[in-house]
file target.pdb (PDB, C-alpha atoms and all ligand atoms)
ATOM      1  CA  MET S 269     -78.543 108.269  35.118  1.00  0.00           C
ATOM      2  CA  THR S 270     -81.876 108.660  36.809  1.00  0.00           C
ATOM      3  CA  ILE S 271     -81.043 105.867  39.221  1.00  0.00           C
ATOM      4  CA  LEU S 272     -77.703 107.440  40.157  1.00  0.00           C
ATOM      5  CA  SER S 273     -79.216 110.849  40.932  1.00  0.00           C
ATOM      6  CA  TYR S 274     -81.940 109.157  42.980  1.00  0.00           C
ATOM      7  CA  ARG S 275     -79.256 107.353  44.999  1.00  0.00           C
ATOM      8  CA  LYS S 276     -77.404 110.580  45.638  1.00  0.00           C
ATOM      9  CA  THR S 277     -80.534 112.310  46.919  1.00  0.00           C
ATOM     10  CA  LYS S 278     -81.396 109.345  49.104  1.00  0.00           C
ATOM     11  CA  ARG S 279     -77.918 109.153  50.664  1.00  0.00           C
ATOM     12  CA  SER S 280     -77.699 112.852  51.508  1.00  0.00           C
ATOM     13  CA  ARG S 281     -81.109 112.898  53.200  1.00  0.00           C
ATOM     14  CA  ILE S 282     -79.665 111.918  56.594  1.00  0.00           C
ATOM     15  CA  TYR S 283     -77.808 114.772  58.254  1.00  0.00           C
ATOM     16  CA  THR S 284     -78.027 114.152  62.011  1.00  0.00           C
ATOM     17  CA  PRO S 285     -77.883 111.029  64.219  1.00  0.00           C
ATOM     18  CA  SER S 286     -81.517 111.567  65.273  1.00  0.00           C
ATOM     19  CA  GLU S 287     -82.617 111.192  61.645  1.00  0.00           C
ATOM     20  CA  CYS S 288     -81.075 107.697  61.618  1.00  0.00           C
ATOM     21  CA  GLU S 289     -83.932 106.449  63.833  1.00  0.00           C
ATOM     22  CA  ILE S 290     -81.702 103.904  65.585  1.00  0.00           C
ATOM     23  CA  LEU S 291     -82.011 105.367  69.099  1.00  0.00           C
ATOM     24  CA  PRO S 292     -83.651 105.220  71.598  1.00  0.00           C
ATOM     25  CA  TYR S 293     -83.766 101.543  72.527  1.00  0.00           C
ATOM     26  CA  VAL S 294     -83.288  99.299  75.526  1.00  0.00           C
ATOM     27  CA  MET S 295     -80.511  96.703  75.596  1.00  0.00           C
ATOM     28  CA  ARG S 296     -80.075  93.849  78.056  1.00  0.00           C
ATOM     29  CA  ASP S 297     -76.568  93.573  79.525  1.00  0.00           C
ATOM     30  CA  ARG S 298     -74.719  90.326  80.350  1.00  0.00           C
ATOM     31  CA  LEU S 299     -76.242  90.327  83.849  1.00  0.00           C
ATOM     32  CA  GLY S 300     -79.732  90.528  82.350  1.00  0.00           C
ATOM     33  CA  LEU S 301     -80.328  94.144  83.369  1.00  0.00           C
ATOM     34  CA  ASP S 302     -82.042  96.606  81.049  1.00  0.00           C
ATOM     35  CA  VAL S 303     -80.042  99.645  79.959  1.00  0.00           C
ATOM     36  CA  GLU S 304     -81.599 102.458  77.941  1.00  0.00           C
ATOM     37  CA  MET S 305     -79.589 103.965  75.087  1.00  0.00           C
ATOM     38  CA  ARG S 306     -80.575 107.363  73.801  1.00  0.00           C
ATOM     39  CA  GLU S 307     -79.324 110.696  72.583  1.00  0.00           C
ATOM     40  CA  TYR S 308     -78.148 113.262  75.121  1.00  0.00           C
ATOM     41  CA  ARG S 309     -80.494 116.167  75.851  1.00  0.00           C
ATOM     42  CA  ILE S 310     -79.692 119.510  77.485  1.00  0.00           C
ATOM     43  CA  GLU S 311     -81.556 118.464  80.655  1.00  0.00           C
ATOM     44  CA  ASP S 312     -79.100 115.545  81.049  1.00  0.00           C
ATOM     45  CA  HIS S 313     -76.273 117.983  81.847  1.00  0.00           C
ATOM     46  CA  PRO S 314     -76.404 117.635  85.675  1.00  0.00           C
ATOM     47  CA  GLY S 315     -76.621 113.829  85.334  1.00  0.00           C
ATOM     48  CA  ILE S 316     -73.613 113.605  83.050  1.00  0.00           C
ATOM     49  CA  ARG S 317     -71.582 115.813  85.408  1.00  0.00           C
ATOM     50  CA  THR S 318     -72.526 113.495  88.292  1.00  0.00           C
ATOM     51  CA  MET S 319     -71.446 110.437  86.296  1.00  0.00           C
ATOM     52  CA  TYR S 320     -68.004 111.950  85.722  1.00  0.00           C
ATOM     53  CA  ASP S 321     -67.707 113.140  89.358  1.00  0.00           C
ATOM     54  CA  ASP S 322     -68.348 109.516  90.465  1.00  0.00           C
ATOM     55  CA  PHE S 323     -66.196 107.975  87.694  1.00  0.00           C
ATOM     56  CA  GLU S 324     -63.141 106.007  88.911  1.00  0.00           C
ATOM     57  CA  PRO S 325     -60.285 105.891  88.307  1.00  0.00           C
ATOM     58  CA  LYS S 326     -60.236 109.436  86.923  1.00  0.00           C
ATOM     59  CA  GLY S 327     -57.601 110.081  84.288  1.00  0.00           C
ATOM     60  CA  LEU S 328     -57.843 106.413  83.192  1.00  0.00           C
ATOM     61  CA  ALA S 329     -58.268 107.060  79.488  1.00  0.00           C
ATOM     62  CA  MET S 330     -55.474 109.324  78.258  1.00  0.00           C
ATOM     63  CA  GLY S 331     -55.889 111.588  81.311  1.00  0.00           C
ATOM     64  CA  LEU S 332     -59.685 111.595  80.947  1.00  0.00           C
ATOM     65  CA  PRO S 333     -61.954 112.288  82.667  1.00  0.00           C
ATOM     66  CA  PRO S 334     -59.719 114.986  84.199  1.00  0.00           C
ATOM     67  CA  PRO S 335     -59.083 114.346  87.930  1.00  0.00           C
ATOM     68  CA  ASP S 336     -59.193 118.091  88.786  1.00  0.00           C
ATOM     69  CA  ASP S 337     -62.785 119.183  89.539  1.00  0.00           C
ATOM     70  CA  GLY S 338     -62.616 122.495  87.636  1.00  0.00           C
ATOM     71  CA  VAL S 339     -60.854 121.034  84.600  1.00  0.00           C
ATOM     72  CA  ARG S 340     -63.321 118.098  84.531  1.00  0.00           C
ATOM     73  CA  LYS S 341     -66.309 120.474  84.653  1.00  0.00           C
ATOM     74  CA  ARG S 342     -64.931 122.466  81.701  1.00  0.00           C
ATOM     75  CA  TRP S 343     -64.090 119.261  79.798  1.00  0.00           C
ATOM     76  CA  VAL S 344     -67.658 117.914  80.235  1.00  0.00           C
ATOM     77  CA  ASP S 345     -69.078 121.272  79.109  1.00  0.00           C
ATOM     78  CA  ASP S 346     -66.785 121.308  76.054  1.00  0.00           C
ATOM     79  CA  VAL S 347     -67.620 117.724  75.013  1.00  0.00           C
ATOM     80  CA  VAL S 348     -71.384 118.122  75.306  1.00  0.00           C
ATOM     81  CA  THR S 349     -71.153 121.332  73.257  1.00  0.00           C
ATOM     82  CA  ALA S 350     -68.659 120.344  70.553  1.00  0.00           C
ATOM     83  CA  PHE S 351     -69.586 116.654  70.094  1.00  0.00           C
ATOM     84  CA  TYR S 352     -72.815 114.809  69.325  1.00  0.00           C
ATOM     85  CA  ASN S 353     -73.570 112.894  72.503  1.00  0.00           C
ATOM     86  CA  PHE S 354     -75.263 109.620  73.432  1.00  0.00           C
ATOM     87  CA  ILE S 355     -75.996 108.278  76.891  1.00  0.00           C
ATOM     88  CA  ALA S 356     -76.726 104.931  78.551  1.00  0.00           C
ATOM     89  CA  LEU S 357     -79.125 104.945  81.513  1.00  0.00           C
ATOM     90  CA  ARG S 358     -79.931 102.415  84.197  1.00  0.00           C
ATOM     91  CA  GLU S 359     -83.049 103.288  86.208  1.00  0.00           C
ATOM     92  CA  ARG S 360     -82.861 106.897  84.896  1.00  0.00           C
ATOM     93  CA  LYS S 361     -79.274 107.334  86.108  1.00  0.00           C
ATOM     94  CA  ILE S 362     -76.600 108.048  83.484  1.00  0.00           C
ATOM     95  CA  ILE S 363     -74.091 105.195  83.545  1.00  0.00           C
ATOM     96  CA  GLY S 364     -72.435 105.706  80.167  1.00  0.00           C
ATOM     97  CA  HIS S 365     -71.550 108.422  77.688  1.00  0.00           C
ATOM     98  CA  ALA S 366     -70.377 108.186  74.084  1.00  0.00           C
ATOM     99  CA  ALA S 367     -69.647 111.062  71.717  1.00  0.00           C
ATOM    100  CA  ILE S 368     -68.666 111.711  68.087  1.00  0.00           C
ATOM    101  CA  ASP S 369     -67.308 114.995  66.711  1.00  0.00           C
ATOM    102  CA  VAL S 370     -69.653 114.945  63.744  1.00  0.00           C
ATOM    103  CA  PHE S 371     -70.098 118.743  63.701  1.00  0.00           C
ATOM    104  CA  ARG S 372     -66.454 119.221  62.648  1.00  0.00           C
ATOM    105  CA  THR S 373     -66.329 116.664  59.867  1.00  0.00           C
ATOM    106  CA  LYS S 374     -68.130 113.626  58.549  1.00  0.00           C
ATOM    107  CA  ALA S 375     -64.986 112.227  56.959  1.00  0.00           C
ATOM    108  CA  SER S 376     -63.005 111.074  60.010  1.00  0.00           C
ATOM    109  CA  LEU S 377     -64.756 111.299  63.372  1.00  0.00           C
ATOM    110  CA  GLU S 378     -63.169 111.200  66.799  1.00  0.00           C
ATOM    111  CA  TYR S 379     -65.024 108.847  69.146  1.00  0.00           C
ATOM    112  CA  LEU S 380     -65.125 108.867  72.962  1.00  0.00           C
ATOM    113  CA  ILE S 381     -66.776 106.344  75.275  1.00  0.00           C
ATOM    114  CA  PHE S 382     -66.868 106.171  79.065  1.00  0.00           C
ATOM    115  CA  LEU S 383     -68.835 103.826  81.310  1.00  0.00           C
ATOM    116  CA  HIS S 384     -69.249 104.136  85.055  1.00  0.00           C
ATOM    117  CA  GLN S 385     -67.018 101.564  86.795  1.00  0.00           C
ATOM    118  CA  ASP S 386     -70.003  99.582  88.167  1.00  0.00           C
ATOM    119  CA  PHE S 387     -71.178  98.800  84.624  1.00  0.00           C
ATOM    120  CA  ARG S 388     -67.974  97.786  82.819  1.00  0.00           C
ATOM    121  CA  GLY S 389     -67.304  94.319  81.411  1.00  0.00           C
ATOM    122  CA  ARG S 390     -70.997  93.518  80.803  1.00  0.00           C
ATOM    123  CA  GLY S 391     -71.114  94.103  77.051  1.00  0.00           C
ATOM    124  CA  ILE S 392     -72.580  97.607  77.315  1.00  0.00           C
ATOM    125  CA  GLY S 393     -69.532  99.281  75.707  1.00  0.00           C
ATOM    126  CA  THR S 394     -69.592  96.851  72.764  1.00  0.00           C
ATOM    127  CA  GLU S 395     -73.332  97.329  72.203  1.00  0.00           C
ATOM    128  CA  PHE S 396     -73.046 101.111  72.538  1.00  0.00           C
ATOM    129  CA  SER S 397     -70.139 101.264  70.069  1.00  0.00           C
ATOM    130  CA  LEU S 398     -71.903  99.002  67.531  1.00  0.00           C
ATOM    131  CA  THR S 399     -74.869 101.384  67.680  1.00  0.00           C
ATOM    132  CA  VAL S 400     -72.654 104.437  67.149  1.00  0.00           C
ATOM    133  CA  LYS S 401     -71.001 102.562  64.244  1.00  0.00           C
ATOM    134  CA  LYS S 402     -74.440 102.002  62.647  1.00  0.00           C
ATOM    135  CA  ILE S 403     -75.281 105.691  63.078  1.00  0.00           C
ATOM    136  CA  CYS S 404     -71.953 106.805  61.565  1.00  0.00           C
ATOM    137  CA  LYS S 405     -72.518 104.487  58.589  1.00  0.00           C
ATOM    138  CA  LYS S 406     -75.996 105.902  58.000  1.00  0.00           C
ATOM    139  CA  LEU S 407     -74.565 109.426  58.148  1.00  0.00           C
ATOM    140  CA  GLY S 408     -72.139 108.483  55.390  1.00  0.00           C
ATOM    141  CA  CYS S 409     -68.994 108.851  57.534  1.00  0.00           C
ATOM    142  CA  ARG S 410     -65.826 107.317  56.111  1.00  0.00           C
ATOM    143  CA  GLN S 411     -63.911 106.633  59.297  1.00  0.00           C
ATOM    144  CA  VAL S 412     -64.112 106.751  63.117  1.00  0.00           C
ATOM    145  CA  TRP S 413     -60.985 106.919  65.301  1.00  0.00           C
ATOM    146  CA  VAL S 414     -60.079 106.717  68.987  1.00  0.00           C
ATOM    147  CA  THR S 415     -56.998 107.318  71.077  1.00  0.00           C
ATOM    148  CA  VAL S 416     -56.377 104.644  73.678  1.00  0.00           C
ATOM    149  CA  SER S 417     -53.688 103.906  76.223  1.00  0.00           C
ATOM    150  CA  SER S 418     -51.837 100.703  75.263  1.00  0.00           C
ATOM    151  CA  ALA S 419     -52.347  99.457  78.850  1.00  0.00           C
ATOM    152  CA  ASN S 420     -56.134  99.775  78.527  1.00  0.00           C
ATOM    153  CA  THR S 421     -56.663  96.176  77.380  1.00  0.00           C
ATOM    154  CA  ARG S 422     -60.396  96.121  78.069  1.00  0.00           C
ATOM    155  CA  ALA S 423     -60.959  99.150  75.822  1.00  0.00           C
ATOM    156  CA  ILE S 424     -58.657  97.712  73.131  1.00  0.00           C
ATOM    157  CA  ASN S 425     -60.529  94.371  73.189  1.00  0.00           C
ATOM    158  CA  MET S 426     -63.851  96.143  72.957  1.00  0.00           C
ATOM    159  CA  PHE S 427     -62.732  98.382  70.054  1.00  0.00           C
ATOM    160  CA  LYS S 428     -61.327  95.339  68.198  1.00  0.00           C
ATOM    161  CA  THR S 429     -64.659  93.502  68.605  1.00  0.00           C
ATOM    162  CA  VAL S 430     -66.398  96.471  66.981  1.00  0.00           C
ATOM    163  CA  GLY S 431     -63.922  96.430  64.076  1.00  0.00           C
ATOM    164  CA  PHE S 432     -61.321  99.055  65.028  1.00  0.00           C
ATOM    165  CA  LYS S 433     -57.717  98.390  63.981  1.00  0.00           C
ATOM    166  CA  PHE S 434     -54.472  99.948  65.223  1.00  0.00           C
ATOM    167  CA  ARG S 435     -52.881 102.650  63.101  1.00  0.00           C
ATOM    168  CA  GLY S 436     -49.740 104.754  63.405  1.00  0.00           C
ATOM    169  CA  PRO S 437     -46.686 104.294  65.604  1.00  0.00           C
ATOM    170  CA  ILE S 438     -46.495 101.930  68.607  1.00  0.00           C
ATOM    171  CA  GLY S 439     -46.242 103.714  71.964  1.00  0.00           C
ATOM    172  CA  VAL S 440     -47.981 104.252  75.301  1.00  0.00           C
ATOM    173  CA  GLU S 441     -50.769 105.981  73.389  1.00  0.00           C
ATOM    174  CA  ARG S 442     -52.257 104.233  70.396  1.00  0.00           C
ATOM    175  CA  GLU S 443     -54.728 105.299  67.763  1.00  0.00           C
ATOM    176  CA  MET S 444     -57.324 102.863  66.439  1.00  0.00           C
ATOM    177  CA  GLU S 445     -59.516 103.422  63.414  1.00  0.00           C
ATOM    178  CA  LEU S 446     -62.716 101.951  62.112  1.00  0.00           C
ATOM    179  CA  ASN S 447     -63.082 102.046  58.361  1.00  0.00           C
ATOM    180  CA  LEU S 448     -66.670 102.490  57.219  1.00  0.00           C
ATOM    181  CA  ARG S 449     -66.076 102.807  53.495  1.00  0.00           C
ATOM    182  CA  ARG S 450     -67.942 100.297  51.445  1.00  0.00           C
ATOM    183  CA  LYS S 451     -65.663  97.667  49.966  1.00  0.00           C
ATOM    184  CA  THR S 452     -65.606  98.115  46.204  1.00  0.00           C
ATOM    185  CA  ARG S 453     -65.652  94.989  44.121  1.00  0.00           C
ATOM    186  CA  LYS S 454     -62.568  94.507  41.997  1.00  0.00           C
ATOM    187  CA  LYS S 455     -63.321  94.725  38.285  1.00  0.00           C
ATOM    188  CA  LYS S 456     -62.460  91.554  36.437  1.00  0.00           C
TER     189      LYS S 456
HETATM  190  C1  LIG S 501     -63.644 100.785  77.549  1.00  0.00           C
HETATM  191  C2  LIG S 501     -65.104 100.584  77.906  1.00  0.00           C
HETATM  192  C3  LIG S 501     -65.956 101.634  77.186  1.00  0.00           C
HETATM  193  C4  LIG S 501     -65.510  99.189  77.403  1.00  0.00           C
HETATM  194  O1  LIG S 501     -66.871  98.972  77.687  1.00  0.00           O
HETATM  195  P1  LIG S 501     -67.314  97.636  78.502  1.00  0.00           P
HETATM  196  O2  LIG S 501     -68.767  97.589  78.562  1.00  0.00           O
HETATM  197  O3  LIG S 501     -66.554  97.599  79.765  1.00  0.00           O
HETATM  198  O4  LIG S 501     -66.739  96.521  77.504  1.00  0.00           O
HETATM  199  P2  LIG S 501     -67.465  95.178  77.047  1.00  0.00           P
HETATM  200  O5  LIG S 501     -67.907  94.441  78.244  1.00  0.00           O
HETATM  201  O6  LIG S 501     -68.479  95.481  76.019  1.00  0.00           O
HETATM  202  O7  LIG S 501     -66.270  94.452  76.302  1.00  0.00           O
HETATM  203  C5  LIG S 501     -64.998  94.364  76.903  1.00  0.00           C
HETATM  204  C6  LIG S 501     -64.184  93.250  76.254  1.00  0.00           C
HETATM  205  O8  LIG S 501     -62.930  93.171  76.935  1.00  0.00           O
HETATM  206  C7  LIG S 501     -62.876  91.977  77.722  1.00  0.00           C
HETATM  207  N1  LIG S 501     -62.461  92.379  79.070  1.00  0.00           N
HETATM  208  C8  LIG S 501     -63.225  92.607  80.134  1.00  0.00           C
HETATM  209  N2  LIG S 501     -62.469  92.975  81.188  1.00  0.00           N
HETATM  210  C9  LIG S 501     -61.203  92.994  80.731  1.00  0.00           C
HETATM  211  C10 LIG S 501     -59.949  93.302  81.330  1.00  0.00           C
HETATM  212  N3  LIG S 501     -59.879  93.680  82.600  1.00  0.00           N
HETATM  213  N4  LIG S 501     -58.836  93.221  80.568  1.00  0.00           N
HETATM  214  C11 LIG S 501     -58.909  92.823  79.278  1.00  0.00           C
HETATM  215  N5  LIG S 501     -60.069  92.532  78.654  1.00  0.00           N
HETATM  216  C12 LIG S 501     -61.186  92.613  79.374  1.00  0.00           C
HETATM  217  C13 LIG S 501     -64.252  91.377  77.758  1.00  0.00           C
HETATM  218  O9  LIG S 501     -64.177  89.975  77.839  1.00  0.00           O
HETATM  219  C14 LIG S 501     -64.840  91.884  76.448  1.00  0.00           C
HETATM  220  O10 LIG S 501     -64.408  91.091  75.370  1.00  0.00           O
HETATM  221  P3  LIG S 501     -65.406  89.985  74.731  1.00  0.00           P
HETATM  222  O11 LIG S 501     -66.568  90.749  74.163  1.00  0.00           O
HETATM  223  O12 LIG S 501     -64.568  89.334  73.687  1.00  0.00           O
HETATM  224  O13 LIG S 501     -65.798  89.094  75.871  1.00  0.00           O
HETATM  225  C15 LIG S 501     -65.348 100.674  79.448  1.00  0.00           C
HETATM  226  O14 LIG S 501     -64.697  99.611  80.098  1.00  0.00           O
HETATM  227  C16 LIG S 501     -64.877 102.004  80.023  1.00  0.00           C
HETATM  228  O15 LIG S 501     -65.630 102.963  80.062  1.00  0.00           O
HETATM  229  N6  LIG S 501     -63.621 102.090  80.475  1.00  0.00           N
HETATM  230  C17 LIG S 501     -63.094 103.322  81.037  1.00  0.00           C
HETATM  231  C18 LIG S 501     -62.992 104.459  80.015  1.00  0.00           C
HETATM  232  C19 LIG S 501     -62.217 104.064  78.767  1.00  0.00           C
HETATM  233  O16 LIG S 501     -61.209 103.362  78.837  1.00  0.00           O
HETATM  234  N7  LIG S 501     -62.697 104.536  77.596  1.00  0.00           N
HETATM  235  C20 LIG S 501     -62.089 104.193  76.312  1.00  0.00           C
HETATM  236  C21 LIG S 501     -61.162 105.236  75.811  1.00  0.00           C
HETATM  237  S1  LIG S 501     -62.026 106.546  74.969  1.00  0.00           S
END
call {"tool": "encode", "arguments": {"input": "target.pdb", "output": "structure tokens", "more": "lines below"}}
Ligand SMILES: CC(C)(COP(=O)(O)OP(=O)(O)OC[C@H]1O[C@@H](n2cnc3c(N)ncnc32)[C@H](O)[C@@H]1OP(=O)(O)O)[C@@H](O)C(=O)NCCC(=O)NCCS
result
Amino acid sequence: MTILSYRKTKRSRIYTPSECEILPYVMRDRLGLDVEMREYRIEDHPGIRTMYDDFEPKGLAMGLPPPDDGVRKRWVDDVVTAFYNFIALRERKIIGHAAIDVFRTKASLEYLIFLHQDFRGRGIGTEFSLTVKKICKKLGCRQVWVTVSSANTRAINMFKTVGFKFRGPIGVEREMELNLRRKTRKKK
């Protein structure tokens, strides 16, 4: 009994991604360039807006980032407010953004990830998503999900590498989920 209550206390000690002590760190991409991964801070707001203004093609991922300047500005503001945000930086410039909606629920989190076009296909998305997966596990989350266009093969490949699997009906939009529940051993 004592051991069980100790476990419970230990597990519930981590409430926010910063308490996980996984970020910040520097990763090396497939070209051998260093990329810093860290949590988003309020002072990163202009930099994240610039990344999405430069992002091409706009609307690539399920209409995101929104092509219209005003709508995009509001969308960025909404995401950085409602989600917990992580960024990837190369020479202090934001080149990637990932977010989880952990404030709404810890049971099934929506996940977003966007990399600037000059930095795609170098393993940064995979590394970033594996890090977010580790953080979600430490937070005790059960599941992470994404919506992806079925034509977005690079994103689908990357999500599969991280462990996401398709769920729901087949269509132009697909949902993929990552199950983080510990596998329970079958009783003999
Ligand atoms: C989707 C995204 C986050 C992936 O990150 P990334 O750093 O480009 O991906 P990685 O390099 O880590 O991995 C991509 C995988 O797809 C493969 N790949 C690369 N280019 C590809 C292409 N054009 N078509 C299909 N697969 C491709 C790579 O070989 C790699 O697989 P591997 O690890 O088995 O070699 C990034 O490309 C991106 O921001 N895209 C635009 C926004 C988006 O689609 N977001 C996802 C929806 S929320």
call {"tool": "closest_residue", "arguments": {"input": "target.pdb", "among": "S:Leu332, S:Ile392, S:Val430, S:Leu380", "to": "S:Gly300", "atoms": "all atoms listed in the file"}}
result
S:Ile392
call {"tool": "residues_near_ligand", "arguments": {"input": "target.pdb", "ligand": "ligand LIG 501 (chain S)", "cutoff": "8 Å", "atoms": "only C-alpha atoms and all ligand atoms", "output": "MDAnalysis selection string"}}
result
chainID S and resid 328:330 332 364 379:385 387:395 414:417 420:427 429
call {"tool": "write_last_selection", "arguments": {"input": "target.pdb", "atoms": "C-alpha atoms", "output": "compact mmCIF listing (two decimals), keeping the file's coordinate frame"}}
result
# COMPACT_ATOMS: atom_id res chain seq x y z
CA LEU S 328 -57.84 106.41 83.19
CA ALA S 329 -58.27 107.06 79.49
CA MET S 330 -55.47 109.32 78.26
CA LEU S 332 -59.68 111.60 80.95
CA GLY S 364 -72.44 105.71 80.17
CA TYR S 379 -65.02 108.85 69.15
CA LEU S 380 -65.12 108.87 72.96
CA ILE S 381 -66.78 106.34 75.28
CA PHE S 382 -66.87 106.17 79.06
CA LEU S 383 -68.83 103.83 81.31
CA HIS S 384 -69.25 104.14 85.06
CA GLN S 385 -67.02 101.56 86.80
CA PHE S 387 -71.18 98.80 84.62
CA ARG S 388 -67.97 97.79 82.82
CA GLY S 389 -67.30 94.32 81.41
CA ARG S 390 -71.00 93.52 80.80
CA GLY S 391 -71.11 94.10 77.05
CA ILE S 392 -72.58 97.61 77.32
CA GLY S 393 -69.53 99.28 75.71
CA THR S 394 -69.59 96.85 72.76
CA GLU S 395 -73.33 97.33 72.20
CA VAL S 414 -60.08 106.72 68.99
CA THR S 415 -57.00 107.32 71.08
CA VAL S 416 -56.38 104.64 73.68
CA SER S 417 -53.69 103.91 76.22
CA ASN S 420 -56.13 99.78 78.53
CA THR S 421 -56.66 96.18 77.38
CA ARG S 422 -60.40 96.12 78.07
CA ALA S 423 -60.96 99.15 75.82
CA ILE S 424 -58.66 97.71 73.13
CA ASN S 425 -60.53 94.37 73.19
CA MET S 426 -63.85 96.14 72.96
CA PHE S 427 -62.73 98.38 70.05
CA THR S 429 -64.66 93.50 68.60
call {"tool": "atom_distance", "arguments": {"input": "target.pdb", "atom1": "atom CA of S:Glu289", "atom2": "atom CA of S:Asp386"}}
result
28.9 Å
call {"tool": "closest_residue", "arguments": {"input": "target.pdb", "among": "S:Cys404, S:Leu398, S:Val344, S:Val303", "to": "S:Val370", "atoms": "all atoms listed in the file"}}
result
S:Cys404
call {"tool": "atom_distance", "arguments": {"input": "target.pdb", "atom1": "atom CA of S:Ala419", "atom2": "atom CA of S:Leu377"}}
result
23.1 Å
call {"tool": "atom_distance", "arguments": {"input": "target.pdb", "atom1": "atom CA of S:Tyr320", "atom2": "atom CA of S:Pro334"}}
result
9.0 Å
call {"tool": "closest_residue", "arguments": {"input": "target.pdb", "among": "S:Leu299, S:Lys361, S:Tyr283, S:Lys326", "to": "S:His313", "atoms": "all atoms listed in the file"}}
result
S:Lys361
call {"tool": "residues_around", "arguments": {"input": "target.pdb", "residues": "S:Gln411", "least_positions_apart": "4", "cutoff": "7 Å", "atoms": "all atoms listed in the file", "output": "compact mmCIF listing (two decimals) with C-alpha atoms, keeping the file's coordinate frame"}}
result
# COMPACT_ATOMS: atom_id res chain seq x y z
CA ALA S 375 -64.99 112.23 56.96
CA SER S 376 -63.00 111.07 60.01
CA LEU S 377 -64.76 111.30 63.37
CA GLU S 445 -59.52 103.42 63.41
CA LEU S 446 -62.72 101.95 62.11
CA ASN S 447 -63.08 102.05 58.36
CA LEU S 448 -66.67 102.49 57.22
call {"tool": "closest_residue", "arguments": {"input": "target.pdb", "among": "S:Lys341, S:Arg372, S:Arg360, S:Arg317", "to": "S:Met305", "atoms": "all atoms listed in the file"}}
result
S:Arg360
call {"tool": "residues_around", "arguments": {"input": "target.pdb", "residues": "S:Glu287", "least_positions_apart": "6", "cutoff": "12 Å", "atoms": "only C-alpha atoms", "output": "list of chain:residue names"}}
result
S:Ser280, S:Arg281, S:Glu307, S:Ile403, S:Cys404, S:Lys406, S:Leu407
call {"tool": "closest_residue", "arguments": {"input": "target.pdb", "among": "S:Pro333, S:Ala356, S:Ser418, S:Leu291", "to": "S:Pro437", "atoms": "all atoms listed in the file"}}
result
S:Ser418
call {"tool": "closest_residue", "arguments": {"input": "target.pdb", "among": "S:Leu301, S:Thr318, S:Arg410, S:Arg306", "to": "S:Arg340", "atoms": "all atoms listed in the file"}}
result
S:Thr318
call {"tool": "axis_aligned_box", "arguments": {"input": "target.pdb", "around": "stretch 320-326 of chain S", "padding_each_side": "3 Å", "output": "JSON"}}
result
{"center_x": -64.3, "center_y": 109.5, "center_z": 88.1, "size_x": 14.1, "size_y": 13.2, "size_z": 10.7}
call {"tool": "resolve_selection", "arguments": {"input": "target.pdb", "expression": "the PyMOL selection byres (((chain S and resi 354) around 6) and not hetatm)", "output": "list in words"}}
result
Arg306, Glu307, Tyr308, Asn353, Ile355, His365 and Ala366 of chain S
call {"tool": "build_atoms", "arguments": {"input": "target.pdb", "residues": "stretch 310-321 of chain S", "atoms": "N, CA and C atoms", "output": "mmCIF file, in the frame of the given file"}}
result
data_model
loop_
_atom_site.group_PDB
_atom_site.id
_atom_site.type_symbol
_atom_site.label_atom_id
_atom_site.label_comp_id
_atom_site.auth_asym_id
_atom_site.auth_seq_id
_atom_site.Cartn_x
_atom_site.Cartn_y
_atom_site.Cartn_z
ATOM 1 N N ILE S 310 -80.243 118.441 76.643
ATOM 2 C CA ILE S 310 -79.692 119.510 77.485
ATOM 3 C C ILE S 310 -79.993 119.271 78.978
ATOM 4 N N GLU S 311 -81.177 118.698 79.251
ATOM 5 C CA GLU S 311 -81.556 118.464 80.655
ATOM 6 C C GLU S 311 -80.762 117.329 81.304
ATOM 7 N N ASP S 312 -79.952 116.611 80.503
ATOM 8 C CA ASP S 312 -79.100 115.545 81.049
ATOM 9 C C ASP S 312 -77.786 116.101 81.604
ATOM 10 N N HIS S 313 -77.558 117.410 81.460
ATOM 11 C CA HIS S 313 -76.273 117.983 81.847
ATOM 12 C C HIS S 313 -75.893 117.713 83.306
ATOM 13 N N PRO S 314 -76.798 117.937 84.278
ATOM 14 C CA PRO S 314 -76.404 117.635 85.675
ATOM 15 C C PRO S 314 -76.072 116.146 85.862
ATOM 16 N N GLY S 315 -76.829 115.272 85.201
ATOM 17 C CA GLY S 315 -76.621 113.829 85.334
ATOM 18 C C GLY S 315 -75.291 113.376 84.761
ATOM 19 N N ILE S 316 -74.881 114.006 83.673
ATOM 20 C CA ILE S 316 -73.613 113.605 83.050
ATOM 21 C C ILE S 316 -72.443 114.108 83.905
ATOM 22 N N ARG S 317 -72.617 115.303 84.481
ATOM 23 C CA ARG S 317 -71.582 115.813 85.408
ATOM 24 C C ARG S 317 -71.421 114.875 86.586
ATOM 25 N N THR S 318 -72.572 114.405 87.137
ATOM 26 C CA THR S 318 -72.526 113.495 88.292
ATOM 27 C C THR S 318 -71.815 112.202 87.920
ATOM 28 N N MET S 319 -72.116 111.686 86.696
ATOM 29 C CA MET S 319 -71.446 110.437 86.296
ATOM 30 C C MET S 319 -69.926 110.621 86.312
ATOM 31 N N TYR S 320 -69.461 111.740 85.775
ATOM 32 C CA TYR S 320 -68.004 111.950 85.722
ATOM 33 C C TYR S 320 -67.421 112.295 87.096
ATOM 34 N N ASP S 321 -68.207 112.893 87.986
ATOM 35 C CA ASP S 321 -67.707 113.140 89.358
ATOM 36 C C ASP S 321 -67.516 111.808 90.082
#
